[in-house]
$ cat input_20.cif   # mmCIF, C-alpha atoms
data_protein
loop_
_atom_site.label_atom_id
_atom_site.label_comp_id
_atom_site.auth_asym_id
_atom_site.auth_seq_id
_atom_site.Cartn_x
_atom_site.Cartn_y
_atom_site.Cartn_z
CA MET A 1 55.12 138.82 155.43
CA ASP A 2 52.17 141.03 156.44
CA THR A 3 50.96 144.54 155.82
CA ASN A 4 52.34 145.84 159.15
CA THR A 5 55.92 145.01 158.17
CA LEU A 6 55.44 146.44 154.69
CA GLN A 7 53.92 149.65 156.08
CA ALA A 8 56.87 150.07 158.44
CA PHE A 9 59.35 149.46 155.61
CA VAL A 10 57.63 151.99 153.29
CA ALA A 11 57.37 154.61 156.04
CA VAL A 12 61.10 154.34 156.84
CA ALA A 13 62.03 154.37 153.15
CA ASN A 14 59.93 157.46 152.42
CA SER A 15 61.05 159.44 155.47
CA GLU A 16 64.64 158.09 155.56
CA SER A 17 64.23 157.92 159.32
CA PHE A 18 63.04 155.31 161.84
CA SER A 19 61.93 158.02 164.28
CA LYS A 20 59.89 159.89 161.66
CA ALA A 21 58.34 156.63 160.48
CA ALA A 22 57.39 155.80 164.07
CA HIS A 23 55.72 159.21 164.42
CA GLN A 24 53.76 158.70 161.19
CA LEU A 25 52.58 155.22 162.22
CA PHE A 26 51.86 156.15 165.87
CA LEU A 27 54.32 153.52 167.05
CA THR A 28 57.49 153.50 169.11
CA GLN A 29 60.79 153.57 167.26
CA SER A 30 61.67 150.13 168.64
CA ALA A 31 58.39 148.71 167.29
CA VAL A 32 59.21 150.02 163.81
CA SER A 33 62.73 148.62 164.02
CA LYS A 34 61.36 145.19 165.02
CA ARG A 35 58.93 145.17 162.09
CA VAL A 36 61.67 146.06 159.62
CA ALA A 37 63.98 143.45 161.17
CA LEU A 38 61.24 140.82 160.84
CA LEU A 39 60.77 141.70 157.16
CA GLU A 40 64.54 141.49 156.59
CA ASP A 41 64.55 138.03 158.22
CA GLN A 42 61.65 136.87 156.07
CA LEU A 43 63.38 138.06 152.90
CA ASN A 44 66.84 137.06 154.08
CA SER A 45 68.11 140.44 152.87
CA ARG A 46 69.21 143.65 154.49
CA LEU A 47 66.87 146.45 153.38
CA PHE A 48 68.51 149.52 154.93
CA ASP A 49 72.04 150.74 155.52
CA ARG A 50 72.30 152.56 158.84
CA ILE A 51 75.34 154.85 159.07
CA GLY A 52 75.07 157.03 162.15
CA ARG A 53 71.69 158.72 161.92
CA GLN A 54 71.52 158.37 158.14
CA VAL A 55 69.22 155.67 156.75
CA SER A 56 69.36 154.65 153.10
CA LEU A 57 67.94 151.80 151.05
CA THR A 58 70.15 148.91 150.03
CA GLU A 59 69.89 147.44 146.54
CA ALA A 60 67.38 144.91 147.91
CA GLY A 61 65.40 147.70 149.56
CA GLN A 62 65.28 149.68 146.32
CA ALA A 63 63.95 146.60 144.50
CA LEU A 64 61.29 145.99 147.17
CA LEU A 65 60.01 149.59 147.56
CA PRO A 66 57.88 149.93 144.38
CA ARG A 67 56.46 146.42 144.91
CA ALA A 68 55.62 147.19 148.54
CA HIS A 69 53.88 150.39 147.48
CA GLN A 70 51.85 148.47 144.91
CA ILE A 71 50.87 145.70 147.34
CA LEU A 72 49.65 148.19 149.95
CA LEU A 73 47.76 150.24 147.37
CA GLU A 74 46.01 147.17 145.96
CA LEU A 75 44.99 145.99 149.43
CA GLU A 76 43.63 149.43 150.28
CA ASP A 77 41.83 149.56 146.95
CA ALA A 78 40.21 146.20 147.66
CA ARG A 79 39.05 147.38 151.09
CA ARG A 80 37.62 150.55 149.56
CA ALA A 81 35.79 148.69 146.77
CA ILE A 82 34.18 146.32 149.30
CA SER A 83 33.27 149.19 151.63
CA ASN A 84 31.64 151.07 148.75
CA LEU A 85 29.17 148.22 148.26
CA SER A 86 27.30 149.25 151.38
CA GLY A 87 26.50 152.63 149.83
CA GLU A 88 27.35 154.39 153.08
CA VAL A 89 29.36 157.61 152.97
CA THR A 90 31.70 157.06 155.90
CA GLY A 91 35.37 156.48 156.65
CA THR A 92 38.37 158.72 156.18
CA LEU A 93 38.83 160.88 153.09
CA SER A 94 42.45 161.85 152.52
CA LEU A 95 42.80 164.96 150.39
CA ALA A 96 45.02 167.97 149.94
CA ALA A 97 44.35 171.49 148.74
CA SER A 98 46.74 174.15 147.54
CA HIS A 99 47.00 177.28 149.65
CA HIS A 100 45.17 179.41 147.08
CA VAL A 101 42.34 176.92 146.57
CA SER A 102 41.95 176.37 150.31
CA LEU A 103 41.65 180.11 150.97
CA HIS A 104 39.60 181.26 147.99
CA ARG A 105 37.62 178.28 146.63
CA LEU A 106 37.30 175.45 149.13
CA PRO A 107 35.52 176.77 152.28
CA PRO A 108 31.90 176.74 150.98
CA ILE A 109 32.41 173.30 149.41
CA LEU A 110 33.81 171.80 152.62
CA ARG A 111 31.03 173.40 154.65
CA ALA A 112 28.39 171.79 152.42
CA PHE A 113 30.19 168.44 152.34
CA THR A 114 30.67 168.11 156.11
CA SER A 115 27.06 169.14 156.65
CA SER A 116 25.79 166.51 154.18
CA TYR A 117 28.16 163.70 155.24
CA PRO A 118 28.98 164.12 158.94
CA LYS A 119 30.24 160.52 159.28
CA VAL A 120 33.22 161.21 156.99
CA LYS A 121 36.48 162.05 158.73
CA LEU A 122 38.50 164.51 156.66
CA ASP A 123 42.26 164.00 156.57
CA LEU A 124 42.88 167.40 154.99
CA ARG A 125 46.34 168.74 154.19
CA PHE A 126 47.32 172.15 152.87
CA ASP A 127 50.20 171.69 150.44
CA GLU A 128 51.72 173.29 147.40
CA SER A 129 50.04 171.99 144.25
CA GLU A 130 53.13 170.10 143.20
CA VAL A 131 53.49 168.35 146.59
CA ALA A 132 49.80 167.36 146.59
CA TYR A 133 50.14 166.12 143.00
CA GLU A 134 53.00 163.80 144.00
CA GLY A 135 50.94 162.59 146.97
CA VAL A 136 48.14 161.49 144.64
CA LEU A 137 50.61 159.92 142.21
CA ARG A 138 52.21 157.89 145.03
CA GLY A 139 48.81 156.84 146.37
CA ASP A 140 49.15 158.69 149.69
CA LEU A 141 46.16 160.93 148.89
CA GLU A 142 42.79 160.07 147.38
CA LEU A 143 42.07 163.55 146.00
CA ALA A 144 43.82 166.87 145.57
CA LEU A 145 42.33 170.28 144.73
CA ILE A 146 45.16 172.16 143.09
CA THR A 147 46.49 174.09 140.13
CA LEU A 148 46.42 171.44 137.42
CA SER A 149 49.68 170.38 135.83
CA PRO A 150 50.21 171.61 132.24
CA SER A 151 51.71 168.18 131.45
CA PRO A 152 50.15 165.59 133.79
CA ASP A 153 51.32 162.02 134.22
CA LYS A 154 49.19 159.46 132.35
CA ALA A 155 48.24 157.90 135.69
CA ILE A 156 46.58 161.12 136.86
CA ARG A 157 43.01 162.06 135.98
CA SER A 158 42.59 165.85 136.05
CA ILE A 159 39.13 167.44 136.22
CA PRO A 160 39.12 171.21 135.56
CA ILE A 161 36.77 173.09 137.90
CA TRP A 162 37.82 176.75 137.78
CA HIS A 163 39.56 178.74 135.04
CA ASP A 164 41.81 181.26 136.73
CA ALA A 165 42.83 184.24 134.60
CA LEU A 166 46.18 185.71 135.67
CA ARG A 167 46.58 189.47 135.26
CA TYR A 168 49.84 191.39 134.93
CA VAL A 169 50.02 193.70 137.94
CA VAL A 170 52.29 196.32 139.50
CA SER A 171 51.99 198.85 142.31
CA ARG A 172 50.52 202.24 141.46
CA GLU A 173 54.00 203.78 141.86
CA HIS A 174 55.72 201.39 139.42
CA PRO A 175 57.20 202.98 136.23
CA LEU A 176 54.86 200.87 134.08
CA ALA A 177 51.71 201.77 136.02
CA ASN A 178 50.55 204.68 133.86
CA LYS A 179 51.35 203.26 130.43
CA THR A 180 48.49 202.73 127.99
CA ARG A 181 50.16 199.71 126.41
CA VAL A 182 52.92 197.40 127.67
CA SER A 183 54.72 194.73 125.65
CA LEU A 184 56.21 191.50 126.94
CA THR A 185 59.61 192.84 125.89
CA GLU A 186 59.13 195.85 128.19
CA LEU A 187 58.23 193.54 131.06
CA THR A 188 61.53 191.69 130.74
CA GLN A 189 63.32 194.98 131.48
CA TYR A 190 61.82 195.05 134.97
CA THR A 191 62.06 192.66 137.90
CA ALA A 192 59.42 189.94 138.08
CA ILE A 193 58.29 188.27 141.29
CA LEU A 194 56.92 184.83 140.48
CA PRO A 195 56.25 181.43 142.03
CA ASP A 196 59.24 179.08 142.27
CA GLN A 197 60.63 177.56 139.10
CA ASN A 198 59.31 174.05 139.82
CA THR A 199 55.67 175.14 140.12
CA PHE A 200 52.88 174.63 137.59
CA THR A 201 52.04 178.37 137.54
CA ARG A 202 55.65 179.33 136.84
CA GLU A 203 55.74 176.74 134.04
CA LEU A 204 52.75 178.41 132.35
CA VAL A 205 54.37 181.85 132.52
CA GLU A 206 57.71 180.58 131.22
CA GLN A 207 55.98 178.82 128.33
CA LEU A 208 54.44 182.14 127.24
CA PHE A 209 57.72 184.04 127.31
CA ASP A 210 59.57 181.15 125.64
CA ARG A 211 57.09 181.27 122.74
CA HIS A 212 58.13 184.90 122.23
CA ASN A 213 61.85 184.08 122.65
CA LEU A 214 62.04 186.30 125.73
CA GLN A 215 63.97 185.79 128.95
CA LEU A 216 62.23 186.59 132.23
CA ASN A 217 64.04 188.84 134.70
CA VAL A 218 63.04 187.13 137.96
CA GLY A 219 64.23 188.85 141.11
CA MET A 220 62.46 186.87 143.84
CA SER A 221 60.37 183.72 144.07
CA THR A 222 57.90 182.35 146.57
CA ASN A 223 55.09 179.85 146.24
CA TYR A 224 52.64 181.93 148.30
CA LEU A 225 50.59 184.21 146.06
CA ASP A 226 49.53 186.35 149.01
CA THR A 227 53.22 187.01 149.73
CA ILE A 228 53.84 187.86 146.07
CA ARG A 229 50.89 190.24 146.22
CA MET A 230 52.40 192.01 149.22
CA MET A 231 55.78 192.41 147.52
CA ILE A 232 54.15 193.77 144.37
CA SER A 233 52.07 196.24 146.37
CA ILE A 234 55.21 197.84 147.86
CA GLY A 235 56.81 198.25 144.44
CA LEU A 236 59.34 195.41 144.33
CA GLY A 237 58.39 194.30 140.80
CA TRP A 238 55.61 192.97 138.58
CA SER A 239 53.81 189.67 138.61
CA LEU A 240 50.80 187.74 137.37
CA LEU A 241 48.04 187.28 139.95
CA PRO A 242 44.53 185.83 139.89
CA GLU A 243 41.75 188.38 139.86
CA SER A 244 40.64 187.39 143.37
CA LEU A 245 43.86 188.90 144.76
CA ILE A 246 43.77 192.20 142.87
CA LYS A 247 42.68 195.17 145.00
CA ASP A 248 42.80 198.95 144.64
CA ASP A 249 46.50 199.19 145.59
CA LEU A 250 47.51 197.29 142.44
CA GLU A 251 47.43 198.40 138.83
CA VAL A 252 46.48 195.92 136.09
CA LEU A 253 48.81 196.40 133.14
CA PRO A 254 47.40 196.54 129.57
CA VAL A 255 49.87 193.99 128.25
CA ASP A 256 49.86 193.45 124.50
CA ALA A 257 49.92 189.64 124.70
CA GLU A 258 47.62 186.69 125.23
CA LEU A 259 46.29 186.15 128.73
CA VAL A 260 47.73 183.43 130.91
CA TYR A 261 45.10 181.05 132.25
CA ARG A 262 45.72 178.36 134.79
CA GLN A 263 43.21 175.64 135.51
CA LEU A 264 42.29 174.78 139.06
CA GLY A 265 40.60 171.47 139.68
CA VAL A 266 40.62 168.08 141.30
CA ILE A 267 42.88 165.14 140.55
CA HIS A 268 42.91 161.46 141.47
CA HIS A 269 44.83 158.37 140.43
CA ARG A 270 43.25 156.56 137.48
CA ASP A 271 44.01 153.12 138.95
CA ARG A 272 42.50 153.88 142.35
CA THR A 273 38.90 153.06 143.26
CA LEU A 274 37.42 156.20 144.76
CA SER A 275 35.61 155.86 148.05
CA ASN A 276 31.97 156.86 148.29
CA ALA A 277 33.10 159.94 150.21
CA ALA A 278 35.53 160.97 147.47
CA ARG A 279 32.95 160.47 144.72
CA HIS A 280 30.37 162.57 146.56
CA LEU A 281 32.88 165.37 147.13
CA VAL A 282 33.77 165.40 143.42
CA ASP A 283 30.06 165.50 142.56
CA MET A 284 29.65 168.59 144.78
CA LEU A 285 32.31 170.56 142.91
CA PRO A 286 31.01 173.18 140.48
CA VAL A 287 31.07 172.40 136.77
CA ALA A 288 33.95 174.15 134.97
CA LYS A 289 32.84 177.25 133.07
#
$ encode --input "input_20.cif" --output "structure tokens"
Amino acid sequence: MDTNTLQAFVAVANSESFSKAAHQLFLTQSAVSKRVALLEDQLNSRLFDRIGRQVSLTEAGQALLPRAHQILLELEDARRAISNLSGEVTGTLSLAASHHVSLHRLPPILRAFTSSYPKVKLDLRFDESEVAYEGVLRGDLELALITLSPSPDKAIRSIPIWHDALRYVVSREHPLANKTRVSLTELTQYTAILPDQNTFTRELVEQLFDRHNLQLNVGMSTNYLDTIRMMISIGLGWSLLPESLIKDDLEVLPVDAELVYRQLGVIHHRDRTLSNAARHLVDMLPVAK
């Protein structure tokens, strides 16, 4: 058994496809199939059921998957720890950033980092915070700059960097726009446009309304705050947006309730040795205020 066969097995298991796994590993589909077949011979167990184009793990495959993940992560961690001894800031840094962070917070940091450490190759992905979070938890990503989870897994270390105040906003033509005071109860009588239900930001908003025993009236959902901003600006409802997205075409409501704050920051896996590149990027992030 070697790392090549384990990598092929994990790639097929995660993607549920031999062709997608081949694309991820920059191999031919036949090469991936041969590696999986070799691993099955070594273990004397069938790891995948192949029914038409559908690929699913067998009971043996399900038992192997978490162990294969752990073996590959520990080998990569060992390589990284040894590489760090040289003190050089080189290699590939795999990280993800949420769409909001990448647009409004990340550019000056990346500019400074790439200027200071030109030998580092950035494997940068732009994902929803929740997707990036799972990538760090699985070990696929070294760092993620995202909206921090209100209830993080114990394996995740979260470092707050920015405190993002969310303001209640409507268009200037909305019925609530000219009121001198708005209650949370009044807000529930109008359509809200919020991020999807499985997002960290939506969780924070729902927690607030749950504390007041109120039910949100959500009309539409999207994970892109810029899209929400557009829908609010044409009068389709109210929402909570960070101050960086509030322009003259929106009205901030004087809501008689506590503000909603979300924390933006960086996360990494507690059991993973950070590369020199990752540690230097974290050190370049501003201190939370």
$ resolve_selection --input "input_20.cif" --expression "the PyMOL selection byres ((chain A and resi 176) around 10)" --output "list in words"
Val169, Val170, Ser171, Arg172, Glu173, His174, Pro175, Ala177, Asn178, Lys179, Thr180, Arg181, Val182, Glu186, Leu187, Tyr190, Trp238, Glu251, Val252, Leu253 and Pro254 of chain A
$ write_last_selection --input "input_20.cif" --atoms "C-alpha atoms" --output "short mmCIF file (atom, residue, chain, number, x, y, z; two decimals), keeping the file's coordinate frame"
data_model
loop_
_atom_site.label_atom_id
_atom_site.label_comp_id
_atom_site.auth_asym_id
_atom_site.auth_seq_id
_atom_site.Cartn_x
_atom_site.Cartn_y
_atom_site.Cartn_z
CA VAL A 169 50.02 193.70 137.94
CA VAL A 170 52.29 196.32 139.50
CA SER A 171 51.99 198.85 142.31
CA ARG A 172 50.52 202.24 141.46
CA GLU A 173 54.00 203.78 141.86
CA HIS A 174 55.72 201.39 139.42
CA PRO A 175 57.20 202.98 136.23
CA ALA A 177 51.71 201.77 136.02
CA ASN A 178 50.55 204.68 133.86
CA LYS A 179 51.35 203.26 130.43
CA THR A 180 48.49 202.73 127.99
CA ARG A 181 50.16 199.71 126.41
CA VAL A 182 52.92 197.40 127.67
CA GLU A 186 59.13 195.85 128.19
CA LEU A 187 58.23 193.54 131.06
CA TYR A 190 61.82 195.05 134.97
CA TRP A 238 55.61 192.97 138.58
CA GLU A 251 47.43 198.40 138.83
CA VAL A 252 46.48 195.92 136.09
CA LEU A 253 48.81 196.40 133.14
CA PRO A 254 47.40 196.54 129.57
#
$ residues_around --input "input_20.cif" --residues "region 6-22 of chain A" --least-positions-apart "3" --cutoff "9 Å" --atoms "only C-alpha atoms" --output "PyMOL selection string"
chain A and resi 1-3+25-33+35-36+39+47-48+53-57+61-62+65+68-69+71-72
$ residues_near_point --input "input_20.cif" --point "(54.4, 177.0, 148.9)" --cutoff "10 Å" --atoms "all atoms listed in the file" --output "ChimeraX atom specification"
/A:98-100,126-131,195-196,199,222-225
$ atom_distance --input "input_20.cif" --atom1 "CA of Thr185 (chain A)" --atom2 "CA of Pro150 (chain A)"
24.1 Å
$ residues_around --input "input_20.cif" --residues "Leu264 (chain A)" --least-positions-apart "5" --cutoff "6 Å" --atoms "all atoms listed in the file" --output "ChimeraX atom specification"
/A:146-148,160-162
$ closest_residue --input "input_20.cif" --among "A:Arg111, A:Arg125, A:Arg67, A:His163" --to "Leu95 (chain A)" --atoms "all atoms listed in the file"
A:Arg125
